[in-house]
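> So that we are looking at the same thing, I have put the structure below in structure tokens.
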There are 2 protein chains.
Amino acid sequence: MEVISCLSEMQKSSLQWEREGKKIGFVPTMGSLHLGHLSLVDLVRDQSDLVIVSIFVNPTQFAEGEDLEKYPRDLERDLLLCKEQKVDYVFTPRTEDIYKVNASTYIAEKSVSEKLCGQSRPLHFKGVTTICAKLFNLCRPTFVALGQKDAQQVSVLKRMIEDLHFPIEVIVGRIVRETDGLAMSSRNVYLNDTQREDARLIFQALIKVKKLVVEEKTINVDRLKEELMKVLQQGNSVRVDYAEVVNRNTMRIEEGNISKESLLVVAVWVDSVRLIDNMDLSNE
Amino acid sequence: MEVISCLSEMQKSSLQWEREGKKIGFVPTMGSLHLGHLSLVDLVRDQSDLVIVSIFVNPTQFAEGEDLEKYPRDLERDLLLCKEQKVDYVFTPRTEDIYKVNASTYIAEKSVSEKLCGQSRPLHFKGVTTICAKLFNLCRPTFVALGQKDAQQVSVLKRMIEDLHFPIEVIVGRIVRETDGLAMSSRNVYLNDTQREDARLIFQALIKVKKLVVEEKTINVDRLKEELMKVLQQGNSVRVDYAEVVNRNTMRIEEGNISKESLLVVAVWVDSVRLIDNMDLSNE
């Protein structure tokens, strides 16, 4: 495994692999790797000749007052995990190289990114699309693996890739969960025991709704959201940011009855920790 | 010479050329080709294994009320000219393929594009950066040739390419002029004889300022602009949109004395026809 920090070295290498006809699998991360990330590595490795994992805590997707400074970082551990996972290249660019002093270009997606996390975190997806376009141009992936936990991010990036005609195929990895059901996230380390207890309610609520759909054939969106809220409200430290049924591709909020493309998405604050999760409501 | 309209065919081809280690030279145009465009083809051909010219009248860089509808189009003539110029591939995408119905992603540059044409045409450069990123991903150029006549466009695209880390080298072609000095432009066909007479004043004004700098060692920006305006104001149909001395890389407006990176840029309306031109004021 090789670690590359220099942008021009990364790009020179990926352009060379391209010329050699190699299929490049790419997993963009902010480090603090967990089994969710590692499952993405497995997912692209099957189809790729080599796998690049990028580790870069992207400042532009954090707003003022969010957790950029305290976001967990442990490069040494991350590199060990990548090595064990048979990653070929880890790309660890420096912030000042990715965002030059006079940089003035950004990419915006204005439909899929509008609601949900885009509403709670207004500049977030602009940061995500911009950094991903940069990383795509530097790493030249054939495949990019993204985790379903960040469902809206997946849809936004798919839309950007399609709109800008990047020749990249998106592979989506299913949500990997802790044994208690909590979706794996680098932010889970922020939780103390009481908060962690409450955080479990998210998955319990999602599962309850899924059961209602599958077993009771409940299809009314309001009814389902009501049941979801009932579970979430059991947590003293839980404050719901949003809980919606959306179209899984467009992220448009659904009303009335669920559809074949319905996705239940939820963002909650557990005290000062913001967690997101989602559940496919289609009956497949 | 081959004409390709299909996006996936274009991209498949360019990806294949990439694998073959071919250097791709690219000249993006809106058609209605003139000697300026053709000189760009010559410029990239020297360094490239094959040359792609794209012909696409990009709607998103025209504002409501601008000349999108009447913009001159003559594909047959353009293809003949490309063939004579030994272009290898002409890419003629359809608008509905470039901008899908649900497309929602754009690229914005927020510094170089701010003033001058960016001020007179607020959405113009957003259209330019977005279409160019799309075309870059479809044609995968090693070199892109751009004309110096559109000086701000050159700087904006250079900045975008650098900021987003596109592995593309920009080659700038000098301004090609008619025998009377008027910078070649597809919009020159809009001019009747009287207007054409007035349009010549642009080059005469630029030349006068250049002479003042070179021969009289005049370096004061206000003094130079004053002389420029004197010439332009001789035209009854001329209305100056802007006339500025700017830094040729950042497009920042210069005051006081000219610098080694000074560029004199001018946009005028000749009745309803908007023309731009520029002149390097550095003494090199």
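We name chains A, B, ... following the order of the structure tokens; residues begin at 1 in each chain, and ligands are numbered from 1 as shown.
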Taking a cut-off of 8 Å and counting only C-alpha atoms, can you build a table that, for each residue of chain A near chain B, reports the nearest atom pair and how far apart they are in Å (one decimal), sorted by chain then residue number, as JSON lines?

{"residue": "A:Gln11", "atom": "CA", "partner": "B:Pro167", "partner_atom": "CA", "distance": 7.7}
{"residue": "A:Glu18", "atom": "CA", "partner": "B:Arg19", "partner_atom": "CA", "distance": 5.9}
{"residue": "A:Arg19", "atom": "CA", "partner": "B:Arg19", "partner_atom": "CA", "distance": 4.0}
{"residue": "A:Glu20", "atom": "CA", "partner": "B:Arg19", "partner_atom": "CA", "distance": 6.2}
{"residue": "A:Gly21", "atom": "CA", "partner": "B:Arg19", "partner_atom": "CA", "distance": 5.6}
{"residue": "A:Ile98", "atom": "CA", "partner": "B:Asp163", "partner_atom": "CA", "distance": 7.9}
{"residue": "A:Tyr99", "atom": "CA", "partner": "B:Asp163", "partner_atom": "CA", "distance": 7.4}
{"residue": "A:Lys100", "atom": "CA", "partner": "B:Asp163", "partner_atom": "CA", "distance": 7.6}
{"residue": "A:Ala103", "atom": "CA", "partner": "B:Asp163", "partner_atom": "CA", "distance": 5.7}
{"residue": "A:Ser104", "atom": "CA", "partner": "B:Lys110", "partner_atom": "CA", "distance": 5.2}
{"residue": "A:Thr105", "atom": "CA", "partner": "B:Glu109", "partner_atom": "CA", "distance": 4.2}
{"residue": "A:Tyr106", "atom": "CA", "partner": "B:Ala108", "partner_atom": "CA", "distance": 5.5}
{"residue": "A:Ile107", "atom": "CA", "partner": "B:Ile107", "partner_atom": "CA", "distance": 4.4}
{"residue": "A:Ala108", "atom": "CA", "partner": "B:Tyr106", "partner_atom": "CA", "distance": 5.5}
{"residue": "A:Glu109", "atom": "CA", "partner": "B:Thr105", "partner_atom": "CA", "distance": 4.2}
{"residue": "A:Lys110", "atom": "CA", "partner": "B:Ser104", "partner_atom": "CA", "distance": 5.2}
{"residue": "A:Ser111", "atom": "CA", "partner": "B:Ser104", "partner_atom": "CA", "distance": 5.8}
{"residue": "A:Val112", "atom": "CA", "partner": "B:Ser104", "partner_atom": "CA", "distance": 8.0}
{"residue": "A:Thr130", "atom": "CA", "partner": "B:Leu164", "partner_atom": "CA", "distance": 7.7}
{"residue": "A:Ala133", "atom": "CA", "partner": "B:Leu164", "partner_atom": "CA", "distance": 6.6}
{"residue": "A:Lys134", "atom": "CA", "partner": "B:Leu164", "partner_atom": "CA", "distance": 4.7}
{"residue": "A:Asn137", "atom": "CA", "partner": "B:Phe166", "partner_atom": "CA", "distance": 5.5}
{"residue": "A:Leu138", "atom": "CA", "partner": "B:His165", "partner_atom": "CA", "distance": 6.5}
{"residue": "A:Arg159", "atom": "CA", "partner": "B:Thr105", "partner_atom": "CA", "distance": 7.5}
{"residue": "A:Met160", "atom": "CA", "partner": "B:Thr105", "partner_atom": "CA", "distance": 5.8}
{"residue": "A:Asp163", "atom": "CA", "partner": "B:Ala103", "partner_atom": "CA", "distance": 5.7}
{"residue": "A:Leu164", "atom": "CA", "partner": "B:Lys134", "partner_atom": "CA", "distance": 4.7}
{"residue": "A:His165", "atom": "CA", "partner": "B:Lys134", "partner_atom": "CA", "distance": 5.8}
{"residue": "A:Phe166", "atom": "CA", "partner": "B:Asn137", "partner_atom": "CA", "distance": 5.5}
{"residue": "A:Pro167", "atom": "CA", "partner": "B:Asn137", "partner_atom": "CA", "distance": 7.1}
> Those residues with N, CA and C atoms, as a PDB file, in the first residue's frame please?

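See out_7.pdb below for the written result:
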ATOM      1  N   GLN A  11      -2.356  12.572  -9.426  1.00  0.00           N
ATOM      2  CA  GLN A  11      -2.957  12.689 -10.748  1.00  0.00           C
ATOM      3  C   GLN A  11      -2.084  12.045 -11.825  1.00  0.00           C
ATOM      4  N   GLU A  18      -4.833   4.970 -16.101  1.00  0.00           N
ATOM      5  CA  GLU A  18      -5.835   5.115 -17.159  1.00  0.00           C
ATOM      6  C   GLU A  18      -5.258   4.629 -18.490  1.00  0.00           C
ATOM      7  N   ARG A  19      -4.048   5.106 -18.796  1.00  0.00           N
ATOM      8  CA  ARG A  19      -3.400   4.709 -20.050  1.00  0.00           C
ATOM      9  C   ARG A  19      -3.138   3.209 -20.104  1.00  0.00           C
ATOM     10  N   GLU A  20      -2.936   2.628 -18.912  1.00  0.00           N
ATOM     11  CA  GLU A  20      -2.706   1.177 -18.875  1.00  0.00           C
ATOM     12  C   GLU A  20      -4.025   0.410 -18.910  1.00  0.00           C
ATOM     13  N   GLY A  21      -5.119   1.121 -19.046  1.00  0.00           N
ATOM     14  CA  GLY A  21      -6.426   0.472 -19.127  1.00  0.00           C
ATOM     15  C   GLY A  21      -6.917  -0.076 -17.803  1.00  0.00           C
ATOM     16  N   ILE A  98      -5.611  21.461  -1.829  1.00  0.00           N
ATOM     17  CA  ILE A  98      -6.944  21.264  -2.418  1.00  0.00           C
ATOM     18  C   ILE A  98      -7.646  22.609  -2.608  1.00  0.00           C
ATOM     19  N   TYR A  99      -7.535  23.454  -1.602  1.00  0.00           N
ATOM     20  CA  TYR A  99      -8.121  24.803  -1.702  1.00  0.00           C
ATOM     21  C   TYR A  99      -6.989  25.818  -1.686  1.00  0.00           C
ATOM     22  N   LYS A 100      -6.544  26.189  -2.869  1.00  0.00           N
ATOM     23  CA  LYS A 100      -5.501  27.216  -2.968  1.00  0.00           C
ATOM     24  C   LYS A 100      -6.045  28.545  -2.455  1.00  0.00           C
ATOM     25  N   ALA A 103      -8.502  30.197  -4.742  1.00  0.00           N
ATOM     26  CA  ALA A 103      -9.523  29.337  -5.357  1.00  0.00           C
ATOM     27  C   ALA A 103     -10.882  30.029  -5.307  1.00  0.00           C
ATOM     28  N   SER A 104     -11.628  29.939  -6.378  1.00  0.00           N
ATOM     29  CA  SER A 104     -12.876  30.699  -6.457  1.00  0.00           C
ATOM     30  C   SER A 104     -13.957  29.966  -7.243  1.00  0.00           C
ATOM     31  N   THR A 105     -13.774  28.657  -7.427  1.00  0.00           N
ATOM     32  CA  THR A 105     -14.732  27.886  -8.209  1.00  0.00           C
ATOM     33  C   THR A 105     -15.467  26.893  -7.310  1.00  0.00           C
ATOM     34  N   TYR A 106     -16.750  26.799  -7.481  1.00  0.00           N
ATOM     35  CA  TYR A 106     -17.480  25.762  -6.762  1.00  0.00           C
ATOM     36  C   TYR A 106     -18.549  25.152  -7.657  1.00  0.00           C
ATOM     37  N   ILE A 107     -19.031  23.999  -7.222  1.00  0.00           N
ATOM     38  CA  ILE A 107     -20.086  23.299  -7.951  1.00  0.00           C
ATOM     39  C   ILE A 107     -21.319  23.261  -7.062  1.00  0.00           C
ATOM     40  N   ALA A 108     -22.453  23.565  -7.644  1.00  0.00           N
ATOM     41  CA  ALA A 108     -23.692  23.533  -6.875  1.00  0.00           C
ATOM     42  C   ALA A 108     -24.720  22.658  -7.579  1.00  0.00           C
ATOM     43  N   GLU A 109     -25.453  21.913  -6.769  1.00  0.00           N
ATOM     44  CA  GLU A 109     -26.570  21.121  -7.286  1.00  0.00           C
ATOM     45  C   GLU A 109     -27.809  21.723  -6.643  1.00  0.00           C
ATOM     46  N   LYS A 110     -28.827  22.014  -7.418  1.00  0.00           N
ATOM     47  CA  LYS A 110     -29.903  22.858  -6.926  1.00  0.00           C
ATOM     48  C   LYS A 110     -31.264  22.199  -6.830  1.00  0.00           C
ATOM     49  N   SER A 111     -31.310  20.880  -6.888  1.00  0.00           N
ATOM     50  CA  SER A 111     -32.619  20.255  -6.777  1.00  0.00           C
ATOM     51  C   SER A 111     -32.602  19.169  -5.702  1.00  0.00           C
ATOM     52  N   VAL A 112     -31.821  18.138  -5.955  1.00  0.00           N
ATOM     53  CA  VAL A 112     -31.741  17.015  -5.018  1.00  0.00           C
ATOM     54  C   VAL A 112     -31.204  17.473  -3.649  1.00  0.00           C
ATOM     55  N   THR A 130     -18.233  20.026  -4.663  1.00  0.00           N
ATOM     56  CA  THR A 130     -16.970  20.641  -5.089  1.00  0.00           C
ATOM     57  C   THR A 130     -15.786  19.740  -4.757  1.00  0.00           C
ATOM     58  N   ALA A 133     -15.748  16.610  -7.096  1.00  0.00           N
ATOM     59  CA  ALA A 133     -15.283  16.885  -8.462  1.00  0.00           C
ATOM     60  C   ALA A 133     -13.760  17.009  -8.483  1.00  0.00           C
ATOM     61  N   LYS A 134     -13.214  17.681  -7.494  1.00  0.00           N
ATOM     62  CA  LYS A 134     -11.755  17.810  -7.413  1.00  0.00           C
ATOM     63  C   LYS A 134     -11.118  16.429  -7.295  1.00  0.00           C
ATOM     64  N   ASN A 137     -11.210  14.408 -10.463  1.00  0.00           N
ATOM     65  CA  ASN A 137     -10.209  14.822 -11.454  1.00  0.00           C
ATOM     66  C   ASN A 137      -8.800  14.413 -11.046  1.00  0.00           C
ATOM     67  N   LEU A 138      -8.583  14.269  -9.777  1.00  0.00           N
ATOM     68  CA  LEU A 138      -7.246  13.870  -9.308  1.00  0.00           C
ATOM     69  C   LEU A 138      -7.064  12.355  -9.326  1.00  0.00           C
ATOM     70  N   ARG A 159     -26.426  12.784  -9.255  1.00  0.00           N
ATOM     71  CA  ARG A 159     -26.945  13.823 -10.135  1.00  0.00           C
ATOM     72  C   ARG A 159     -25.802  14.661 -10.715  1.00  0.00           C
ATOM     73  N   MET A 160     -24.849  15.013  -9.864  1.00  0.00           N
ATOM     74  CA  MET A 160     -23.710  15.799 -10.348  1.00  0.00           C
ATOM     75  C   MET A 160     -22.921  15.026 -11.404  1.00  0.00           C
ATOM     76  N   ASP A 163     -24.999  15.031 -14.542  1.00  0.00           N
ATOM     77  CA  ASP A 163     -25.125  16.356 -15.163  1.00  0.00           C
ATOM     78  C   ASP A 163     -23.812  16.821 -15.791  1.00  0.00           C
ATOM     79  N   LEU A 164     -22.709  16.551 -15.113  1.00  0.00           N
ATOM     80  CA  LEU A 164     -21.419  17.009 -15.654  1.00  0.00           C
ATOM     81  C   LEU A 164     -20.762  15.944 -16.532  1.00  0.00           C
ATOM     82  N   HIS A 165     -21.441  14.822 -16.712  1.00  0.00           N
ATOM     83  CA  HIS A 165     -20.960  13.766 -17.611  1.00  0.00           C
ATOM     84  C   HIS A 165     -19.616  13.178 -17.185  1.00  0.00           C
ATOM     85  N   PHE A 166     -19.384  13.099 -15.872  1.00  0.00           N
ATOM     86  CA  PHE A 166     -18.199  12.375 -15.423  1.00  0.00           C
ATOM     87  C   PHE A 166     -18.365  10.905 -15.821  1.00  0.00           C
ATOM     88  N   PRO A 167     -17.328  10.288 -16.422  1.00  0.00           N
ATOM     89  CA  PRO A 167     -17.467   8.878 -16.826  1.00  0.00           C
ATOM     90  C   PRO A 167     -17.217   7.947 -15.638  1.00  0.00           C
TER      91      PRO A 167
END
> What's the 10 Å shell around Asn188 of chain B, counting only C-alpha atoms, without same-chain residues fewer than 6 positions away, as an NGL selection string?
:B and (72 or 182 or 195-196 or 199 or 273-275)
> Those same residues - C-alpha atoms - I'd like them written as a compact mmCIF listing (two decimals), in the first residue's frame.

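Saved to part18.txt:
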# COMPACT_ATOMS: atom_id res chain seq x y z
CA PRO B 72 -25.39 32.67 -36.66
CA LEU B 182 -11.70 44.48 -36.18
CA GLN B 195 -21.87 50.03 -37.90
CA ARG B 196 -18.82 48.26 -39.25
CA ALA B 199 -16.67 49.03 -34.98
CA VAL B 273 -24.33 44.54 -31.38
CA ARG B 274 -22.04 43.94 -28.42
CA LEU B 275 -18.36 43.57 -29.30
> What does the structure give for the distance between atom CA of Ile219 of chain B and atom CA of Ala151 of chain B, in Å to one decimal?
21.2 Å
> Give me, please, the distance in Å between atom CA of Gly118 of chain A and atom CA of Gln153 of chain A, quoted to one decimal.
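These two atoms are separated by 9.6 Å.
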> Could you tell me, as a ChimeraX atom specification, which residues of segment 46-232 of chain A DSSP assigns to alpha helix (DSSP H) when given the backbone?
/A:75-84,95-98,117-120,124-139,151-163,193-215,221-232
> Restricting the calculation to only C-alpha atoms, which member of A:Val240, A:Val213, A:Leu263, A:Val53 is positioned closest to Leu33 of chain A?
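The answer is A:Val53, which sits nearest to Leu33 of chain A.
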> Atom CA of Leu123 of chain A and atom CA of Phe62 of chain A are how many Å apart?
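Calculated distance between atom CA of Leu123 of chain A and atom CA of Phe62 of chain A is 7.6 Å.
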> When you look at segment 80-88 of chain A with a cut-off of 10 Å (counting only C-alpha atoms), what residues show up, excluding the ones that are within fewer than 5 positions of it in the same chain? I need them as a PyMOL selection string.
chain A and resi 1-3+25-27+32-35+37-39+41-42+45+49-53+75
> Could you tell me, as an mmCIF file with C-alpha atoms, in the first residue's frame, which residues of segment 19-143 of chain A DSSP assigns to strand (DSSP E or B) when given the backbone?

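The result, written out as selection_23.cif:
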data_model
loop_
_atom_site.group_PDB
_atom_site.id
_atom_site.type_symbol
_atom_site.label_atom_id
_atom_site.label_comp_id
_atom_site.auth_asym_id
_atom_site.auth_seq_id
_atom_site.Cartn_x
_atom_site.Cartn_y
_atom_site.Cartn_z
ATOM 1 C CA ILE A 24 -9.784 2.497 -10.729
ATOM 2 C CA GLY A 25 -12.073 2.012 -7.735
ATOM 3 C CA PHE A 26 -12.375 5.010 -5.462
ATOM 4 C CA VAL A 27 -13.698 5.432 -1.929
ATOM 5 C CA PRO A 28 -13.753 9.077 -0.788
ATOM 6 C CA THR A 29 -13.729 9.389 3.012
ATOM 7 C CA LEU A 50 -6.784 -1.001 -7.984
ATOM 8 C CA VAL A 51 -8.479 0.789 -5.125
ATOM 9 C CA ILE A 52 -7.793 4.341 -3.938
ATOM 10 C CA VAL A 53 -9.164 5.528 -0.603
ATOM 11 C CA SER A 54 -8.979 9.273 -0.034
ATOM 12 C CA ILE A 55 -8.818 10.623 3.491
ATOM 13 C CA TYR A 89 -3.365 3.694 -2.543
ATOM 14 C CA VAL A 90 -4.398 6.075 0.190
ATOM 15 C CA PHE A 91 -4.671 9.665 -0.969
ATOM 16 C CA THR A 105 -14.732 27.886 -8.209
ATOM 17 C CA TYR A 106 -17.480 25.762 -6.762
ATOM 18 C CA ILE A 107 -20.086 23.299 -7.951
ATOM 19 C CA ALA A 108 -23.692 23.533 -6.875
ATOM 20 C CA GLU A 109 -26.570 21.121 -7.286
ATOM 21 C CA PHE A 143 -16.092 3.382 -9.947
#
